[in-house]
Amino acid sequence: MQTSASRTSGPTGSRGYARRPILLVGSTLITVVAIVAWTIWPISQSQAKTVSLLPDDAVPAIVTDPDRRPVEVGLRFQVTEPVEAVAVQFYKSSANTGPHTGTLWSGRGRQLATARFGDKPRRGLQVAEFDPTVVLRPGRDYVVSYTAPKGRYSTDQSFFDKPVSRGPITAGVNAGVYSYRPGSFPTQTFGANSYAVDIVVRPTGSGGSPSPSSSPSSASSPSARPSTASPSPSPSSPPSKSAPATPTAPPPRSSSPEVTGGPTPPTSIPGGFPNAANTGVPAGVRLDPYTGPCNITKAGTVIDGKTVNCTLNVRAADVTIRNSVVNGTVYNDEGSNGLGFTIVDSEVRIGNRGGTGIGNVGFTALRVEVTGGNRSINCWRDCTVRDSYVHGQFTDLTGVAHESGIRMGSGGVISHNTITCDAPDVPPDAGCSAGLTGYGDFATVEDNLIERNMFLVTTGGTCAYGGSSSGKAYGGTNHIRFIDNVFQRTAARPNCGYWFPIASFDSSAPGNVWKGNVWSDGGVVNPG
């Protein structure tokens, strides 16, 4: 079911005009006019010359994100009828300084049009027209984005945890996208967030220019967009992990020599390890449609035997998901405490798009199969992944996404899983880093137990990272324990990864252990 985005502060139907108060005499005449106005209002809405997905007078829940890194943020959308794309618009905080450039892309990353913003210093809605306009066709994916060269963009947490539609424009789950390569096609998603970017369209051949209603500013007080999130230091944006209170998301890929072309890993898995037959929903379990909330706020919630068609944002303690298929992702905020969840005997199908299947803090994943997306699991802090199978990451035809099976942070137990990253390389930069990654970009990688796993051969540069990557802000590690793991090798991939079985493991770091790790065909694996 789609949720229609509706204007919450003033019934301004189009950008070219708005209702004006009329002074009438007599209660009868007032009543008649009121009835007529509310009768013809839907007609005036449908005949508006231009329309956008989000109301012009909406203000994001988080006006200024603390992230200061250059970033491209955007909106992935479709249209239900042929229309002309006439402009791109975004909500600007006073701290979000330019220059700003907007871009319209095809669903596969071909640039269709650009527009330069005037960069007004005040806070509010910014609009830039495309010249010439572009005809958009129904049934095709498009992305509209803008470059925030100094970050500080606006965001609404969990805004796209369900589809949103307005007029001929529709946006699906996780429609907010970003890339930390400014000016590049954005494909990454996090937490179903909206980045306050929008497309302006009109019926084909109607002519005219977009004329948005009065832009929100700090002097006015329009209502916020219908978001369930509130401004908080929990994750709300692309990566900014300098502290738990900073909004966070999947970080950029390491610059190490990780991705080079190679064969797709074999589908056969040695006996005794998790596979598609012994993970996921057990045979014979009946699945019914899930009709509960996608933002889970009730402690002790149990989802059992369901097909879930949305992203589950866990905001409560002791949540359990079992015997279910999630067509989306399951996550809690990286800065959260006491809001853990358990997912067991289930499948998480991220789909053919960027995204992280399961994350981030205090969760347990048991006998789970995760496919799609660019990262299967993010174990940011205090998580357990056991007896699970992560594979089948998506093929990013745009050449942008950096992919992995599991990313470890701190306090993780990664035990008896089958782990791989098997997405093919797509130039210029898409492909797998490793089956297991761990980089000190935003915090020290520490206190992780990696035991009894099967690392399948990967299209990435290495099957696993040990967390001690040089050149990182937090390059040192401690208590990283690789024990009794099996690294697969084949004639085509004799090193498991293109380069190595394991990279960035420091045997001399405090508490680090490398013991009992072997090749699938015999022999000891050394950390190099």
# chains A, B, ... in the order shown; residues from 1 in each chain; ligands from 1

$ residues_around --residues "segment 514-517 of chain A" --least-positions-apart "5" --cutoff "6 Å" --atoms "only C-alpha atoms" --output "list in words"
Phe482, Ile483, Asp484, Asn485, Val486 and Val525 of chain A

$ residues_around --residues "Tyr153 of chain A" --least-positions-apart "4" --cutoff "12 Å" --atoms "only C-alpha atoms" --output "PyMOL selection string"
chain A and resi 60-74+90-98+100+123-124+145-149+178+194-197+236-238+247

$ write_last_selection --atoms "N, CA and C atoms" --output "short mmCIF file (atom, residue, chain, number, x, y, z; two decimals), in the first residue's frame"
data_model
loop_
_atom_site.label_atom_id
_atom_site.label_comp_id
_atom_site.auth_asym_id
_atom_site.auth_seq_id
_atom_site.Cartn_x
_atom_site.Cartn_y
_atom_site.Cartn_z
N PRO A 60 12.19 19.44 6.77
CA PRO A 60 12.71 18.16 7.24
C PRO A 60 12.85 18.13 8.76
N ALA A 61 12.76 16.94 9.33
CA ALA A 61 12.90 16.80 10.77
C ALA A 61 14.29 17.21 11.23
N ILE A 62 15.31 16.90 10.44
CA ILE A 62 16.69 17.31 10.74
C ILE A 62 17.10 18.29 9.66
N VAL A 63 17.06 19.56 9.99
CA VAL A 63 17.35 20.60 9.00
C VAL A 63 18.82 20.62 8.62
N THR A 64 19.70 20.43 9.61
CA THR A 64 21.14 20.46 9.34
C THR A 64 21.79 19.22 9.91
N ASP A 65 22.17 18.29 9.03
CA ASP A 65 22.89 17.11 9.48
C ASP A 65 24.33 17.51 9.82
N PRO A 66 24.92 16.92 10.86
CA PRO A 66 26.28 17.31 11.23
C PRO A 66 27.36 16.83 10.27
N ASP A 67 27.02 15.94 9.34
CA ASP A 67 28.01 15.44 8.38
C ASP A 67 28.54 16.59 7.52
N ARG A 68 29.86 16.75 7.46
CA ARG A 68 30.47 17.86 6.73
C ARG A 68 31.20 17.41 5.47
N ARG A 69 31.10 16.14 5.12
CA ARG A 69 31.83 15.66 3.96
C ARG A 69 31.08 15.96 2.66
N PRO A 70 31.80 16.23 1.57
CA PRO A 70 31.15 16.43 0.27
C PRO A 70 30.35 15.18 -0.11
N VAL A 71 29.15 15.37 -0.61
CA VAL A 71 28.28 14.23 -0.87
C VAL A 71 27.27 14.58 -1.96
N GLU A 72 26.85 13.58 -2.70
CA GLU A 72 25.75 13.69 -3.65
C GLU A 72 24.55 13.01 -3.01
N VAL A 73 23.45 13.72 -2.83
CA VAL A 73 22.25 13.13 -2.23
C VAL A 73 21.10 13.26 -3.21
N GLY A 74 20.20 12.28 -3.21
CA GLY A 74 19.16 12.29 -4.22
C GLY A 74 17.93 11.49 -3.86
N PHE A 90 15.53 21.26 -3.52
CA PHE A 90 15.93 20.64 -2.26
C PHE A 90 15.78 21.65 -1.14
N TYR A 91 15.63 21.12 0.08
CA TYR A 91 15.55 21.99 1.24
C TYR A 91 16.97 22.26 1.74
N LYS A 92 17.30 23.52 1.90
CA LYS A 92 18.66 23.94 2.24
C LYS A 92 18.70 24.56 3.63
N SER A 93 19.64 24.07 4.43
CA SER A 93 19.91 24.74 5.70
C SER A 93 20.89 25.88 5.44
N SER A 94 20.96 26.81 6.34
CA SER A 94 21.88 27.93 6.17
C SER A 94 23.33 27.47 6.19
N ALA A 95 23.60 26.31 6.80
CA ALA A 95 24.97 25.78 6.86
C ALA A 95 25.35 25.00 5.61
N ASN A 96 24.37 24.67 4.78
CA ASN A 96 24.61 23.89 3.56
C ASN A 96 25.00 24.86 2.43
N THR A 97 26.27 25.24 2.42
CA THR A 97 26.75 26.23 1.46
C THR A 97 27.18 25.57 0.15
N GLY A 98 27.11 26.34 -0.92
CA GLY A 98 27.36 25.83 -2.27
C GLY A 98 28.80 25.93 -2.71
N HIS A 100 25.91 24.56 -5.51
CA HIS A 100 25.09 23.37 -5.63
C HIS A 100 24.70 23.16 -7.10
N ARG A 123 17.93 29.89 4.63
CA ARG A 123 17.39 28.54 4.74
C ARG A 123 16.07 28.46 3.99
N GLY A 124 15.81 27.30 3.36
CA GLY A 124 14.53 27.09 2.71
C GLY A 124 14.65 26.32 1.42
N SER A 145 19.24 14.38 -8.11
CA SER A 145 20.17 14.57 -7.00
C SER A 145 20.78 15.96 -7.06
N TYR A 146 21.47 16.32 -5.97
CA TYR A 146 22.26 17.55 -5.98
C TYR A 146 23.53 17.32 -5.18
N THR A 147 24.53 18.12 -5.47
CA THR A 147 25.81 18.04 -4.78
C THR A 147 25.84 19.00 -3.61
N ALA A 148 26.14 18.46 -2.43
CA ALA A 148 26.35 19.29 -1.23
C ALA A 148 27.86 19.29 -0.96
N PRO A 149 28.60 20.27 -1.45
CA PRO A 149 30.06 20.21 -1.39
C PRO A 149 30.63 20.28 0.02
N TYR A 178 22.49 8.24 -1.91
CA TYR A 178 23.63 9.13 -1.75
C TYR A 178 24.89 8.50 -2.31
N SER A 194 15.13 10.13 3.82
CA SER A 194 14.98 11.11 2.75
C SER A 194 16.01 12.21 2.96
N TYR A 195 16.58 12.69 1.86
CA TYR A 195 17.57 13.77 1.95
C TYR A 195 17.01 15.08 1.42
N ALA A 196 15.67 15.21 1.45
CA ALA A 196 14.98 16.47 1.14
C ALA A 196 15.28 16.95 -0.28
N VAL A 197 15.44 16.00 -1.21
CA VAL A 197 15.64 16.29 -2.62
C VAL A 197 14.37 15.93 -3.37
N SER A 236 21.18 9.06 10.82
CA SER A 236 20.20 9.71 9.98
C SER A 236 20.71 9.95 8.58
N SER A 237 21.92 9.54 8.28
CA SER A 237 22.51 10.01 7.06
C SER A 237 23.62 9.10 6.61
N PRO A 238 24.24 9.46 5.49
CA PRO A 238 25.45 8.75 5.10
C PRO A 238 26.53 8.85 6.16
N PRO A 247 25.37 11.16 13.05
CA PRO A 247 24.63 10.33 12.11
C PRO A 247 25.57 9.45 11.30
#

$ atom_distance --atom1 "atom CA of Tyr142 of chain A" --atom2 "atom CA of Val83 of chain A"
12.5 Å

$ residues_around --residues "Asp161 of chain A" --least-positions-apart "5" --cutoff "7 Å" --atoms "only C-alpha atoms" --output "ChimeraX atom specification"
/A:173-174,192,294,310-311

$ residues_around --residues "Arg493 of chain A" --least-positions-apart "4" --cutoff "8 Å" --atoms "only C-alpha atoms" --output "number ranges by chain"
A: 263, 457, 489, 497-498

$ closest_residue --among "A:Asn278, A:Thr364, A:Asn374, A:Thr170" --to "Thr189 of chain A" --atoms "only C-alpha atoms"
A:Asn374

$ residues_around --residues "segment 463-472 of chain A" --least-positions-apart "5" --cutoff "7 Å" --atoms "only C-alpha atoms" --output "JSON, numbers by chain"
{"A": [434, 435, 436, 437, 438, 439, 440, 441, 445, 455, 457, 458, 477, 496, 497, 501, 502, 503, 504, 505, 506]}

$ select_by_dssp --residues "segment 377-498 of chain A" --states "strand (DSSP E)" --output "JSON, numbers by chain"
{"A": [377, 378, 379, 380, 381, 384, 385, 386, 389, 390, 402, 403, 404, 405, 406, 407, 408, 409, 410, 413, 414, 415, 418, 419, 431, 432, 433, 434, 435, 436, 437, 445, 446, 447, 448, 449, 450, 451, 454, 455, 462, 463, 464, 465, 477, 478, 479, 480, 481, 482, 483, 486, 487]}

$ write_last_selection --atoms "C-alpha atoms" --output "compact mmCIF listing (two decimals), in the first residue's frame"
# COMPACT_ATOMS: atom_id res chain seq x y z
CA ILE A 377 25.26 -7.42 7.45
CA ASN A 378 26.77 -4.53 9.41
CA CYS A 379 27.93 -5.64 12.86
CA TRP A 380 28.78 -2.19 14.13
CA ARG A 381 28.70 -3.08 17.81
CA THR A 384 26.14 -12.14 16.98
CA VAL A 385 25.89 -13.72 13.54
CA ARG A 386 25.73 -17.50 13.68
CA TYR A 389 24.57 -17.60 4.81
CA VAL A 390 25.40 -14.23 3.21
CA HIS A 402 31.38 -0.98 -2.91
CA GLU A 403 30.21 -4.34 -1.63
CA SER A 404 30.86 -6.87 1.13
CA GLY A 405 29.27 -9.74 3.02
CA ILE A 406 29.73 -8.72 6.67
CA ARG A 407 31.35 -5.61 8.11
CA MET A 408 32.66 -5.88 11.66
CA GLY A 409 33.09 -3.04 14.11
CA SER A 410 33.47 -3.97 17.79
CA VAL A 413 30.76 -12.81 17.39
CA ILE A 414 30.78 -14.16 13.82
CA SER A 415 30.51 -17.91 14.21
CA THR A 418 29.13 -19.21 5.09
CA ILE A 419 30.39 -15.84 3.95
CA GLY A 431 32.42 -4.62 -6.99
CA CYS A 432 33.36 -6.57 -3.89
CA SER A 433 35.92 -5.55 -1.29
CA ALA A 434 35.80 -8.82 0.67
CA GLY A 435 33.49 -11.34 2.26
CA LEU A 436 34.33 -9.91 5.70
CA THR A 437 35.48 -6.31 6.06
CA VAL A 445 37.96 -2.33 15.03
CA GLU A 446 38.24 -4.37 18.22
CA ASP A 447 37.09 -7.32 20.30
CA ASN A 448 35.71 -9.49 17.50
CA LEU A 449 35.62 -13.29 17.42
CA ILE A 450 35.59 -14.84 13.94
CA GLU A 451 35.43 -18.61 14.32
CA MET A 454 33.54 -20.91 5.64
CA PHE A 455 34.92 -18.09 3.50
CA THR A 462 40.64 -10.66 -0.31
CA CYS A 463 38.24 -12.94 1.51
CA ALA A 464 38.63 -11.12 4.84
CA TYR A 465 40.05 -7.97 6.41
CA THR A 477 43.18 -3.06 16.37
CA ASN A 478 42.98 -5.24 19.43
CA HIS A 479 41.48 -8.61 20.32
CA ILE A 480 40.65 -9.66 16.76
CA ARG A 481 40.51 -13.46 16.89
CA PHE A 482 40.39 -15.60 13.73
CA ILE A 483 40.06 -19.21 14.94
CA VAL A 486 38.14 -22.43 6.40
CA PHE A 487 39.17 -20.41 3.35

$ atom_distance --atom1 "atom CA of Pro427 of chain A" --atom2 "atom CA of Thr101 of chain A"
24.2 Å

$ closest_residue --among "A:Asn352, A:Asn295, A:Thr279, A:Thr301" --to "Asn332 of chain A" --atoms "only C-alpha atoms"
A:Asn295

$ closest_residue --among "A:Leu75, A:Val518, A:Ile269, A:Leu397" --to "Gly176 of chain A" --atoms "only C-alpha atoms"
A:Leu75

$ closest_residue --among "A:Gln157, A:Ser336, A:Thr420, A:Thr398" --to "Asp382 of chain A" --atoms "only C-alpha atoms"
A:Ser336

$ closest_residue --among "A:Ala509, A:Ile303, A:Ala175, A:Ala283" --to "Phe159 of chain A" --atoms "only C-alpha atoms"
A:Ala175

$ closest_residue --among "A:Ser508, A:Ser268, A:Thr490, A:Thr103" --to "Phe117 of chain A" --atoms "only C-alpha atoms"
A:Thr103
